[in-house]
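Shown next, in structure tokens, is the structure this report addresses.
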Amino acid sequence: MLQDVVSVSLPVNERMRIKKNHFEPYNLTGNEKRICIVTGIHGDELEGQYVCYELIRRLSENGHLLNGIVDIYPSMNPLGMDSIKREMPIFDLDMNMIFPGSETGAVAEHIAAAIMNDIKGADICIDIHASNIFLREIPQVRISKETAPKLLPYAKMLNVDFIWVHSSVTVMEATLSHSLNKAGTPTLVAEMGVGMRITKSYGDQLLDGIFNLMSKMGIWAGETRNVSHPIVSTDGNVSLIYSDTSGIFMPTIKHWAGISKGDHIGDILDPLTGTVEQEIFAPCSGIVFTLREYPVVYEGSLLARILGGC
Amino acid sequence: MTKENIVTLKSPYRDDFEINGYRFGKGEKTCCIVGAMRGNEVQQLYVCSQIIRALSNIEKKGDLAHGKQIMVIPSLNPFSMNIQRRFWSVDNTDLNRMFPGDANGKTTQRIAAGIFDFIKEYQYGIQFTSFYISGDFIPHVRMMDTEHKNIGLANLFGLPYILLRKPKPFDTATLNFNWQNSDTSAFSVYTNETEHIDEESAHIAVGAVLRFLSRMGVIKYQSHGGYMATTLEEEHLMSVHAQSGGIYRRIKQPGDEVEQGEAMAEILDPFEGTVIEEIKAPANGIVFFAHKSPLVLENSVVYKIIKRLHI
């Protein structure tokens, strides 16, 4: 059942609508568990679109296997998604920096508050992100240290390759996931792929995890597939490699590949002079779980993250 | 006056990214004034340029105090301004959400760290900045409502209002917040405009800074006394929302007095030109902020009013 979560009149003959697709069992008992699948807060992150499509397709065809409520929100930032823009157009505002919002606030805060109110009270929420256009990520779940005891069991059900337990940063308090967790709704952030693209294999992997999670929570009575056992790691085991100069980054390694300390990761080239400006070597041994996708770099551009630590 | 380079970053395709500052006087780091951090803050750039011009004249007259120095950084983000983007030209991140920065972090964190290392030891910090919603303010001094705030000093600008803002999570990464945290008395000064130059409010802003510097004994400068400021808390301002989307016709301007029920603005049907909503003042008061764009969305905050109670 399609529903408007919130809508706002735009200046010229149009309403901006945030929509969800609501699924519930044929016979409601009032005790059903509810899961929310959210994506598209950043308009350039499309990996969640295939997940929503396929999830809705399977639920539509197998309503008799549903024992709980599933709410699917494919586009939290419909204007951004439609105009290939990461931020909320009009305000140029990162939508994931305005939660929990305010019902009496300006337009963006009001929208954020309406989203919060709609999701709050769910038994679990999955917020699916792609990376931005600059970096490619393996399927992973990111949770803060504070929420790890509660969220780690759910995260392990999601069939991701990696769970990153990171330290909290104050600015992250304005994200949807932090705000929902603070409001008592367990929320996981799934991150995979790259901005402006859809990686079907990653989507299928996460879908298996979502059905597994729904099954374990008693929401889904259909078949599920075995899920992988993810690597769980903290900040201390993650090494970040930044560019020390500007130019064009040409990697010499593959994403999600094992490397040894001292291995050649890639070069930064100057296309005008034909020179190599910097050779990049692995500072430690491990697995490259983040790799730069967008070639143009500045000093300080993130090139790779290695799981392994130094 | 000496011109100094603060940050340099090599670009793949453009001239080097440079942040330059203008130093007046020698001695203790007394006051740092920063301008445009976003690419559309033209008014903020202009105000700083006029401050540099005024301080140059003051210096020539020998009216800078001995043993004190002033630093003015008119633009912290020339790359974005030159291509007419508000945020960082490459990844659209907001430099004013990157403080105190990280010298080993991502590009905008490195820029922020370079700036902050250079300016964090100044006793007073003044930033000309803008609001994320398009609109005009009464010129005012804004401060984070933290234990470090100093309202008495904010009064020395002689502007009519001081606004206190309770920090939200994203504020913790702004320059103002981090300046305060590092024991700089930090003030954000808001004028009427951002993307266009408003000479009148720019003149007020330049005068306010020179008045502040004069009262703190940093320069000798003759000026009128300005206002005894009224201190407001942001959360006590009354927001007036549009109930419709359409073409926006502003009637009341920042600084105008309004009576409850008085028409403040109209929203027109964008095709038929008829008035579909008349926005009325919900209380007696003074307009502190007024929406500027000719278009408006439903639920936009079109005015913020200082209720008469506070006057």
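By convention here, the chains of the structure tokens are called A, B, ... in the order presented, each chain's residues are numbered starting at 1, and ligands are numbered starting at 1 in the order presented.
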Checklist entry - If we count only C-alpha atoms, what is near region 165-179 of chain B at a cut-off of 9 Å, once residues fewer than 5 positions away on the same chain are taken out, given as an NGL selection string? => result (:A and (97-98 or 170-174)) or (:B and (95-101 or 112 or 116 or 119-122 or 124-127 or 142-146 or 184-188 or 232-235))
Next on the checklist: Residues of chain A within 8 Å of chain B, counting only C-alpha atoms, what are they? List them as a VMD selection string.
Outcome noted: chain A and resid 8 to 13 91 97 105 to 107 110 170 to 174 242 245 to 248 270 296 to 302
Write to file, as a CSV table (one decimal), in the first residue's frame, the residues of the selection just made, with N, CA, C and O atoms.
chain,number,residue,atom,x,y,z
A,8,VAL,N,5.1,18.4,0.7
A,8,VAL,CA,5.3,19.9,0.8
A,8,VAL,C,5.0,20.5,-0.5
A,8,VAL,O,5.4,20.0,-1.6
A,9,SER,N,4.2,21.6,-0.5
A,9,SER,CA,3.9,22.2,-1.8
A,9,SER,C,5.1,23.0,-2.3
A,9,SER,O,5.6,23.9,-1.5
A,10,LEU,N,5.5,22.8,-3.5
A,10,LEU,CA,6.6,23.5,-4.1
A,10,LEU,C,6.0,24.8,-4.8
A,10,LEU,O,4.8,24.8,-5.0
A,11,PRO,N,6.8,25.7,-5.1
A,11,PRO,CA,6.3,27.0,-5.6
A,11,PRO,C,5.4,26.8,-6.9
A,11,PRO,O,4.4,27.5,-7.0
A,12,VAL,N,5.8,26.0,-7.8
A,12,VAL,CA,5.1,26.0,-9.1
A,12,VAL,C,4.5,24.6,-9.4
A,12,VAL,O,5.1,23.7,-9.9
A,13,ASN,N,3.2,24.5,-9.0
A,13,ASN,CA,2.4,23.4,-9.5
A,13,ASN,C,2.9,22.0,-9.2
A,13,ASN,O,2.8,21.1,-10.1
A,91,PHE,N,18.0,24.0,-0.7
A,91,PHE,CA,18.8,24.5,0.5
A,91,PHE,C,20.2,24.1,0.4
A,91,PHE,O,21.0,24.5,1.3
A,97,MET,N,22.1,15.6,8.1
A,97,MET,CA,22.6,16.5,9.2
A,97,MET,C,21.5,17.3,9.9
A,97,MET,O,21.8,18.2,10.6
A,105,GLY,N,9.9,23.6,12.8
A,105,GLY,CA,11.1,24.3,12.2
A,105,GLY,C,10.8,24.6,10.7
A,105,GLY,O,9.7,24.5,10.2
A,106,ALA,N,11.9,25.0,10.0
A,106,ALA,CA,11.8,25.3,8.6
A,106,ALA,C,11.5,24.0,7.8
A,106,ALA,O,11.5,22.9,8.4
A,107,VAL,N,11.4,24.2,6.5
A,107,VAL,CA,10.9,23.1,5.7
A,107,VAL,C,11.7,21.8,5.9
A,107,VAL,O,11.1,20.7,6.2
A,110,HIS,N,11.2,20.3,9.3
A,110,HIS,CA,9.8,19.7,9.4
A,110,HIS,C,9.7,18.4,8.7
A,110,HIS,O,9.1,17.4,9.2
A,170,THR,N,30.5,13.9,17.3
A,170,THR,CA,29.4,14.7,17.7
A,170,THR,C,28.5,15.0,16.5
A,170,THR,O,27.2,15.0,16.6
A,171,VAL,N,29.1,15.4,15.4
A,171,VAL,CA,28.3,15.8,14.2
A,171,VAL,C,27.4,14.7,13.7
A,171,VAL,O,26.3,14.9,13.1
A,172,MET,N,27.8,13.4,14.0
A,172,MET,CA,26.9,12.3,13.6
A,172,MET,C,25.6,12.2,14.4
A,172,MET,O,24.7,11.4,14.1
A,173,GLU,N,25.5,13.0,15.4
A,173,GLU,CA,24.3,13.0,16.2
A,173,GLU,C,23.1,13.5,15.4
A,173,GLU,O,22.0,13.4,15.8
A,174,ALA,N,23.4,14.2,14.3
A,174,ALA,CA,22.3,14.8,13.5
A,174,ALA,C,21.9,13.8,12.4
A,174,ALA,O,21.1,14.2,11.6
A,242,TYR,N,45.6,8.6,2.5
A,242,TYR,CA,45.2,9.8,1.8
A,242,TYR,C,46.2,10.2,0.8
A,242,TYR,O,47.4,9.8,0.9
A,245,THR,N,49.2,14.6,-2.7
A,245,THR,CA,49.3,15.7,-3.7
A,245,THR,C,48.0,15.6,-4.6
A,245,THR,O,47.1,14.8,-4.3
A,246,SER,N,48.0,16.4,-5.6
A,246,SER,CA,46.8,16.4,-6.5
A,246,SER,C,47.2,15.8,-7.8
A,246,SER,O,48.3,15.8,-8.2
A,247,GLY,N,46.2,15.3,-8.5
A,247,GLY,CA,46.4,14.7,-9.8
A,247,GLY,C,45.3,13.6,-10.1
A,247,GLY,O,44.2,13.7,-9.7
A,248,ILE,N,45.8,12.6,-10.8
A,248,ILE,CA,44.9,11.5,-11.2
A,248,ILE,C,45.3,10.2,-10.6
A,248,ILE,O,46.5,9.8,-10.7
A,270,ASP,N,50.3,13.2,-13.2
A,270,ASP,CA,50.0,14.6,-13.7
A,270,ASP,C,49.8,14.5,-15.2
A,270,ASP,O,50.7,14.2,-15.9
A,296,VAL,N,40.1,11.9,-10.0
A,296,VAL,CA,40.7,13.2,-9.7
A,296,VAL,C,40.9,13.4,-8.2
A,296,VAL,O,39.9,13.2,-7.5
A,297,VAL,N,42.1,13.7,-7.8
A,297,VAL,CA,42.3,13.8,-6.3
A,297,VAL,C,43.0,15.1,-6.0
A,297,VAL,O,43.7,15.7,-6.8
A,298,TYR,N,42.8,15.6,-4.8
A,298,TYR,CA,43.5,16.7,-4.2
A,298,TYR,C,44.4,16.1,-3.0
A,298,TYR,O,44.1,15.0,-2.6
A,299,GLU,N,45.3,16.9,-2.5
A,299,GLU,CA,45.9,16.6,-1.3
A,299,GLU,C,44.8,16.3,-0.2
A,299,GLU,O,43.9,17.2,-0.1
A,300,GLY,N,44.8,15.2,0.4
A,300,GLY,CA,43.8,14.9,1.4
A,300,GLY,C,42.7,14.1,0.9
A,300,GLY,O,41.8,13.7,1.7
A,301,SER,N,42.6,13.8,-0.4
A,301,SER,CA,41.6,12.9,-0.9
A,301,SER,C,41.8,11.5,-0.4
A,301,SER,O,43.0,11.0,-0.4
A,302,LEU,N,40.8,10.8,0.1
A,302,LEU,CA,40.9,9.5,0.6
A,302,LEU,C,41.1,8.5,-0.6
A,302,LEU,O,40.3,8.5,-1.5
Next on the checklist: When DSSP is applied to the backbone of this structure, which of region 56-244 of chain A are assigned helix (DSSP H, G or I)? Write them out as a PyMOL selection string.
Outcome noted: chain A and resi 56-61+63-65+78-82+95-97+107-119+148-156+170-174+176-182+200-216+235-237
Item to check | Long-range neighbours of Thr224 (chain A) as number ranges by chain, 10 Å cut-off, only C-alpha atoms, 2 positions minimum in chain | outcome: A: 207-216, 220-222, 226-227
Next on the checklist: Can you pull out the residues contacting Arg292 (chain A)? Cut-off 7 Å, using only C-alpha atoms, and skip same-chain residues under 2 positions away; I want them as a list in words.
Outcome noted: Phe134, Leu135, Arg136, Thr290, Tyr294, Leu302, Leu303 and Ala304 of chain A
Next on the checklist: Between CA of Thr231 (chain B) and CA of Phe99 (chain A), what distance in Å does the model show, to one decimal?
Outcome noted: 28.0 Å
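For the atom pair formed by CA of Leu153 (chain B) and CA of Val42 (chain B), the distance is 26.7 Å, given to one decimal.
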Checklist entry - Between B:Leu237, B:Leu156, B:Val206, B:Ala65, which one has atoms that come closest to Tyr46 (chain B), using only C-alpha atoms? => result B:Val206
Item to check | Residues near Lys26 (chain B), cut-off 8 Å, only C-alpha atoms, skip fewer than 3 positions along chain, as a list in words | outcome: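 The residues that qualify are His66, Gly67, Lys68 and Gln69 of chain B.
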Item to check | Residues within 10 Å of Ile253 (chain A), only C-alpha atoms, excluding chain neighbours under 5 positions, as a list in words | outcome: Gly258, Ile259, Asp263, His264, Ile265, Gly266, Val288 and Leu291 of chain A
Item to check | Of the listed residues B:Ile151, B:Ile219, B:Ala265, B:Ala205, that which approaches Leu45 (chain B) most closely, counting only C-alpha atoms | outcome: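 Between B:Ile151, B:Ile219, B:Ala265, B:Ala205, the residue approaching Leu45 (chain B) most closely is B:Ala205.
Here CA of Pro100 (chain A) and CA of Ser144 (chain A) stand 17.5 Å from one another.
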Checklist entry - Near Lys19 (chain A), counting only C-alpha atoms, which residues have an atom at most 9 Å away, once you skip same-chain residues fewer than 4 positions from it, shown as a list in words? => result Leu2, Gln3, Asp4, Val5, Val6, Ser7, Ile72, Tyr73, Pro74, Ser75 and Met76 of chain A
Next on the checklist: Considering only strand (DSSP E or B) as DSSP defines it on the backbone, what residues of region 72-278 of chain A qualify? List them as number ranges by chain.
Outcome noted: A: 72-73, 88, 93, 124-129, 135-144, 162-166, 187-193, 220, 231-234, 238-242, 247-251, 258-259, 264-270, 275-278
